[in-house]
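K.L.:
Attaching a single structure in structure tokens format; questions to follow.
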Number of protein chains: 2
Amino acid sequence: MSKKRPSLGLVAELSGVSPSTVSRILNNTAKVSDSKKKTVLRVIEETGFRPNLAARTLAGGRAMSIGVLTQYIDSPFYGEAIRGIEEVLASEDYTALFASGRGDRELELERLNMLMERNIDGLIVLSSTLEDHELEALAKELPVVLTGRATLNQKLTSIGFDNLGGGGLALGHLAELGHEAIAVIDGPDDPDAKLRMDGIRVECSQRRIDLDPELIEVGDFNELGGYQAMVRLLDKPKDFSAVIALNDQMAYGAMLALSEAGLDIPGDISLLGFDDLPHSAYTVPPLTTISQPVNRIGAMAASTVLAMSAGFAQTSDQSVAASIVVRKSTDSPKTHG
Amino acid sequence: MSKKRPSLGLVAELSGVSPSTVSRILNNTAKVSDSKKKTVLRVIEETGFRPNLAARTLAGGRAMSIGVLTQYIDSPFYGEAIRGIEEVLASEDYTALFASGRGDRELELERLNMLMERNIDGLIVLSSTLEDHELEALAKELPVVLTGRATLNQKLTSIGFDNLGGGGLALGHLAELGHEAIAVIDGPDDPDAKLRMDGIRVECSQRRIDLDPELIEVGDFNELGGYQAMVRLLDKPKDFSAVIALNDQMAYGAMLALSEAGLDIPGDISLLGFDDLPHSAYTVPPLTTISQPVNRIGAMAASTVLAMSAGFAQTSDQSVAASIVVRKSTDSPKTHG
DNA sequence: TTGTATGCGTTATCAT
DNA sequence: ATGATAACGCATACAA
């Protein structure tokens with residue numbers, strides 16, 4: 001019953017031209033007389049013809065799709081990037097194919113294979129358990145753009161945050177408010193976290209502020225890890241007046257721990273995060289945070305793969321600047337007599 | 001330089017068998033002698049052969065992909081569902097193709113076309129601006145499973161939340177704590193919101209509680225809308241001791257408004273949300289909420305399309321039960337002398 | 001400018 | 001149980 005979809009051949013027949021002519025019109029790959037073009041276009045309209053992507057791909061054309069490798073598709077952080085990617089790709093008639101590895105190497109490899117089976121024209125790696133040499137190997141087969149690994153490997157094209165600068169911004173803000181004893185909730189073993197930490201350290205030494213190693217606790221980039229790290233921090237005999245969480249999600253967890261301890265933000269403790277997730281404007285109090293333009297990164301990554309796929313060489317590294325969004329979670333430390 | 005991917009033909013040649021035999025082994029579509037099977041499998045291993053999906057699709061096989069139509073891929077709510085969908089699909093070697101319409105009908109149609117071009121084997125509609133009759137038309141062309149439209153149209157297969165029951169649960173909880181003047185932050189014009197509201201109303205009449213229309217403000221299912229609705233509520237001369245927000249995101253916004261007004265949760269006002277988003281365990285205070293097993297819904301939707309695609313008829317409606325997660329944002333109203 | 005012929009990698013229909 | 005062959009819908013090299 002269901003009449004099968006019209007094919008290019010049908011359109012050609014109905015238009016009284018050859019299939020190649022229709023193909024040419026579709027892909028704008030050669031000149032076609034206006035009259036023929038007009039009728040073909042009309043027939044396409046009438047029949048509702050849409051090229052079969054499988055056939056097009058098989059015949060050597062592009063698959064019109066870009067793979068996106070990530071850990072968790074449902075993460076507020078990657079969500080931002082994904083939106084940027086989607087917008088750019090869609091505007092060029094490309095589609096994003098997502099593959100989440102959930103931090104499991106086996107699964108990630110499996111999903112990556114799935115992407116390759118689908119003849120993707122390029123790959124954006126938002127985060128991955130893959131090692132550099134594996135990514136390099138991949139990059140020899142198709143355009144690959146990484147995010148968050150800037151400066152780590154010059155053989156790979158990457159779009160980075162200015163994590164170093166962001167770290168400096170964070171510490172600078174607190175220092176200028178007058179904080180001297182500053183605790184940090186570090187992230188997992190991850191290039192982004194490392195560079196943010198480095199930025200904080202550099203700024204510390206420039207301002208002659210002492211970063212007490214005892215006041216650095218490691219989290220997992222999630223709420224729970226931030227909560228637990230904050231609890232451990234609070235347990236220590238050491239005093240501190242401000243806390244930097246290396247991402248907003250951990251800051252959320254820290255907020256809860258602080259509140260349960262009866263501490264006021266920013267009255268007792270100032271708190272600062274990274275990423276400026278959409279939700280951060282609505283925490284209580286609204287969170288001061290380092291804004292990494294994540295969705296711009298996504299957009300840049302997308303236009304970069306597209307450019308590479310079209311044969312344009314790319315400069316290997318690009319990065320976007322961080323900025324600070326000052327809200328209500330940071331203030332001067334209270335001076336106790 | 002880049003040696004092109006090994007094909008089924010190559011594998012056949014190297015194994016000394018015909019292409020058909022290799023295909024049979026791959027798809028388990030006929031008996032093949034163990035000896036041949038063994039060598040073919042070995043060659044596949046050695047060459048790293050992976051079937052080309054475009055070819056497979058073109059040749060009449062399945063595309064091994066299910067389209068997922070949604071408004072915003074980066075939304076904590078849909079994120080949950082998407083995870084459920086992905087897990088089920090991946091386990092069956094299927095892939096989800098996402099298309100976000102961002103609430104724009106034109107864009108949504110455009111993205112839907114993109115999905116059709118890709119020969120999807122089925123479609124899951126998480127949310128859509130499409131009307132029922134359009135969805136019915138679609139459902140005639142391929143398996144379609146909806147979420148959140150249960151009971152609205154019997155011709156369509158759908159997986160629904162028990163919004164009605166959830167609404168009852170919410171009001172029941174507050175009623176039993178002793179609340180009588182209850183405000184509601186309603187959602188946009190949306191079946192889910194409507195049913196939640198209905199559930200609240202039904203429970204109200206059973207408990208002889210009066211739901212003051214003045215205390216119902218409409219939000220947009222986002223933090224900002226919740227914030228604004230709460231501000232409007234606070235502006236009214238009417239008194240209330242509890243607020244139900246029809247989803248967690250609006251509850252987050254309400255929390256901020258309440259805090260800015262100097263009101264304590266739950267000391268002054270109890271607050272309750274819907275959805276039990278991952279973040280809700282980490283708000284200050286942690287949010288009491290109606291848990292809709294969103295990711296189970298996703299999983300059910302996925303297995304349902306798969307079943308339909310395999311030719312099994314489906315009962316038209318399924319739904320999963322709601323439950324209440326009591327945390328710290330609700331308590332008995334304070335009795336003022 | 002336009003048409004013809006061939007091939008892309010796989011499945012499916014026949015044979016054997 | 002296995003192989004030969006056609007077909008899927010399109011792009012492209014080659015002819016005209």
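Within each chain, counting starts at residue 1; across the structure tokens, chains are named A, B, ... in the order shown, with ligands numbered 1 upward in that order.
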Taking only C-alpha atoms (C1' of nucleotides) into account, find every residue of chain C that has an atom no more than 12 Å from chain A, and write it out as a PyMOL selection string.

P.N.:
chain C and resi 1-10

K.L.:
Would you list the contacts of B:Glu117 as a PDB file with N, CA and C atoms, in the first residue's frame, taking every protein, DNA or RNA residue within 10 Å and counting only C-alpha atoms (C1' of nucleotides), but skipping same-chain residues closer than 6 positions in sequence?

P.N.:
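Result saved to result.pdb:
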```pdb
ATOM      1  N   PHE A  49      10.224  14.395  -4.141  1.00  0.00           N
ATOM      2  CA  PHE A  49      11.464  13.599  -4.169  1.00  0.00           C
ATOM      3  C   PHE A  49      12.521  14.130  -3.203  1.00  0.00           C
ATOM      4  N   ARG A  50      13.157  13.197  -2.520  1.00  0.00           N
ATOM      5  CA  ARG A  50      14.301  13.508  -1.658  1.00  0.00           C
ATOM      6  C   ARG A  50      15.362  12.468  -1.954  1.00  0.00           C
ATOM      7  N   PRO A  51      16.577  12.891  -2.205  1.00  0.00           N
ATOM      8  CA  PRO A  51      17.616  11.917  -2.531  1.00  0.00           C
ATOM      9  C   PRO A  51      17.805  10.906  -1.400  1.00  0.00           C
ATOM     10  N   ASN A  52      18.043   9.707  -1.775  1.00  0.00           N
ATOM     11  CA  ASN A  52      18.302   8.651  -0.804  1.00  0.00           C
ATOM     12  C   ASN A  52      19.764   8.747  -0.386  1.00  0.00           C
ATOM     13  N   LEU A  53      19.935   9.061   0.871  1.00  0.00           N
ATOM     14  CA  LEU A  53      21.284   9.304   1.351  1.00  0.00           C
ATOM     15  C   LEU A  53      22.172   8.076   1.277  1.00  0.00           C
ATOM     16  N   ALA A  54      21.591   6.923   1.486  1.00  0.00           N
ATOM     17  CA  ALA A  54      22.381   5.693   1.434  1.00  0.00           C
ATOM     18  C   ALA A  54      22.979   5.529   0.041  1.00  0.00           C
TER      19      ALA A  54
ATOM     20  N   ARG B 111      14.195  19.125   9.890  1.00  0.00           N
ATOM     21  CA  ARG B 111      14.973  18.069  10.543  1.00  0.00           C
ATOM     22  C   ARG B 111      14.310  16.711  10.347  1.00  0.00           C
TER      23      ARG B 111
END
```

K.L.:
Taking a cut-off of 10 Å and counting only C-alpha atoms (C1' of nucleotides), can you build a table that, for each residue of chain D near chain B, reports the nearest atom pair and how far apart they are in Å (one decimal), sorted by chain then residue number, as CSV?

P.N.:
```
residue,atom,partner,partner_atom,distance
D:DA1,C1',B:Val32,CA,6.2
D:DT2,C1',B:Thr21,CA,7.0
D:DG3,C1',B:Ser18,CA,6.2
D:DA4,C1',B:Ser18,CA,9.0
D:DA7,C1',B:Ala59,CA,7.6
D:DC8,C1',B:Ala59,CA,4.7
D:DG9,C1',B:Leu58,CA,7.4
```

K.L.:
Take atom CA of B:Ser329 and atom CA of B:Thr288 and report the distance between them in Å, one decimal.

P.N.:
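So the answer is 5.5 Å.
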
K.L.:
Which residues are near stretch 92-96 of chain B? Cut-off 10 Å, only C-alpha atoms (C1' of nucleotides), ignore same chain within fewer than 6 positions. Put them as a count of residues only.

P.N.:
25

K.L.:
Stretch 163-299 of chain B: which residues are strand (DSSP E or B) by DSSP, as an MDAnalysis selection string?

P.N.:
chainID B and resid 182:186 216:218 242:245 270:274 288:291

K.L.:
Which polymer residues have any atom within 9 Å of an atom of B:Gly168, counting only C-alpha atoms (C1' of nucleotides), with same-chain residues fewer than 6 positions away left out, as a list in words?

P.N.:
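The filter keeps Arg196, Met197, Asp198, Gly199, Ile200, Arg201, Val202, Glu203 and Cys204 of chain B.
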
K.L.:
How would the residues just chosen look if you wrote them out with C-alpha atoms as a PDB file, in the first residue's frame?

P.N.:
```pdb
ATOM      1  CA  ARG B 196      -0.533  17.053  36.195  1.00  0.00           C
ATOM      2  CA  MET B 197      -2.861  19.928  36.895  1.00  0.00           C
ATOM      3  CA  ASP B 198      -5.860  17.648  36.543  1.00  0.00           C
ATOM      4  CA  GLY B 199      -4.336  15.221  39.007  1.00  0.00           C
ATOM      5  CA  ILE B 200      -3.890  18.010  41.487  1.00  0.00           C
ATOM      6  CA  ARG B 201      -7.459  19.153  41.014  1.00  0.00           C
ATOM      7  CA  VAL B 202      -8.923  15.699  41.454  1.00  0.00           C
ATOM      8  CA  GLU B 203      -7.006  15.156  44.661  1.00  0.00           C
ATOM      9  CA  CYS B 204      -8.044  18.583  45.886  1.00  0.00           C
TER      10      CYS B 204
END
```

K.L.:
From the set B:Ala229, B:Ile185, B:Ala313, B:Ala254, which residue has the shortest atom-to-atom contact distance to chain A, counting only C-alpha atoms?

P.N.:
B:Ala254

K.L.:
Atom CA of B:Asp74 and atom CA of A:Tyr78 are how many Å apart?

P.N.:
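Here the two named atoms are 8.2 Å from each other.
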
K.L.:
Figure out the distance between atom CA of A:Asn295 and atom CA of A:Arg83, please, to one decimal in Å.

P.N.:
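Those two atoms sit 6.4 Å apart.
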
K.L.:
Tell me which protein, DNA and RNA residues are within 10 Å of A:Pro333, counting only C-alpha atoms (C1' of nucleotides), leaving out same-chain ones fewer than 2 positions away, and put them as a PyMOL selection string.

P.N.:
chain A and resi 174+177-181+240-242+266-270+330-331+335-336

K.L.:
Please identify which residues in stretch 175-317 of chain B DSSP calls helix (DSSP H, G or I) from the backbone, and express them as a PyMOL selection string.

P.N.:
chain B and resi 175-177+191-206+213-215+223-235+248-260+278-282+294-309

K.L.:
Looking at B:Val144, B:Leu287, B:Val320, B:Ile73, which one is nearest to chain A, with distances taken over only C-alpha atoms?

P.N.:
B:Ile73
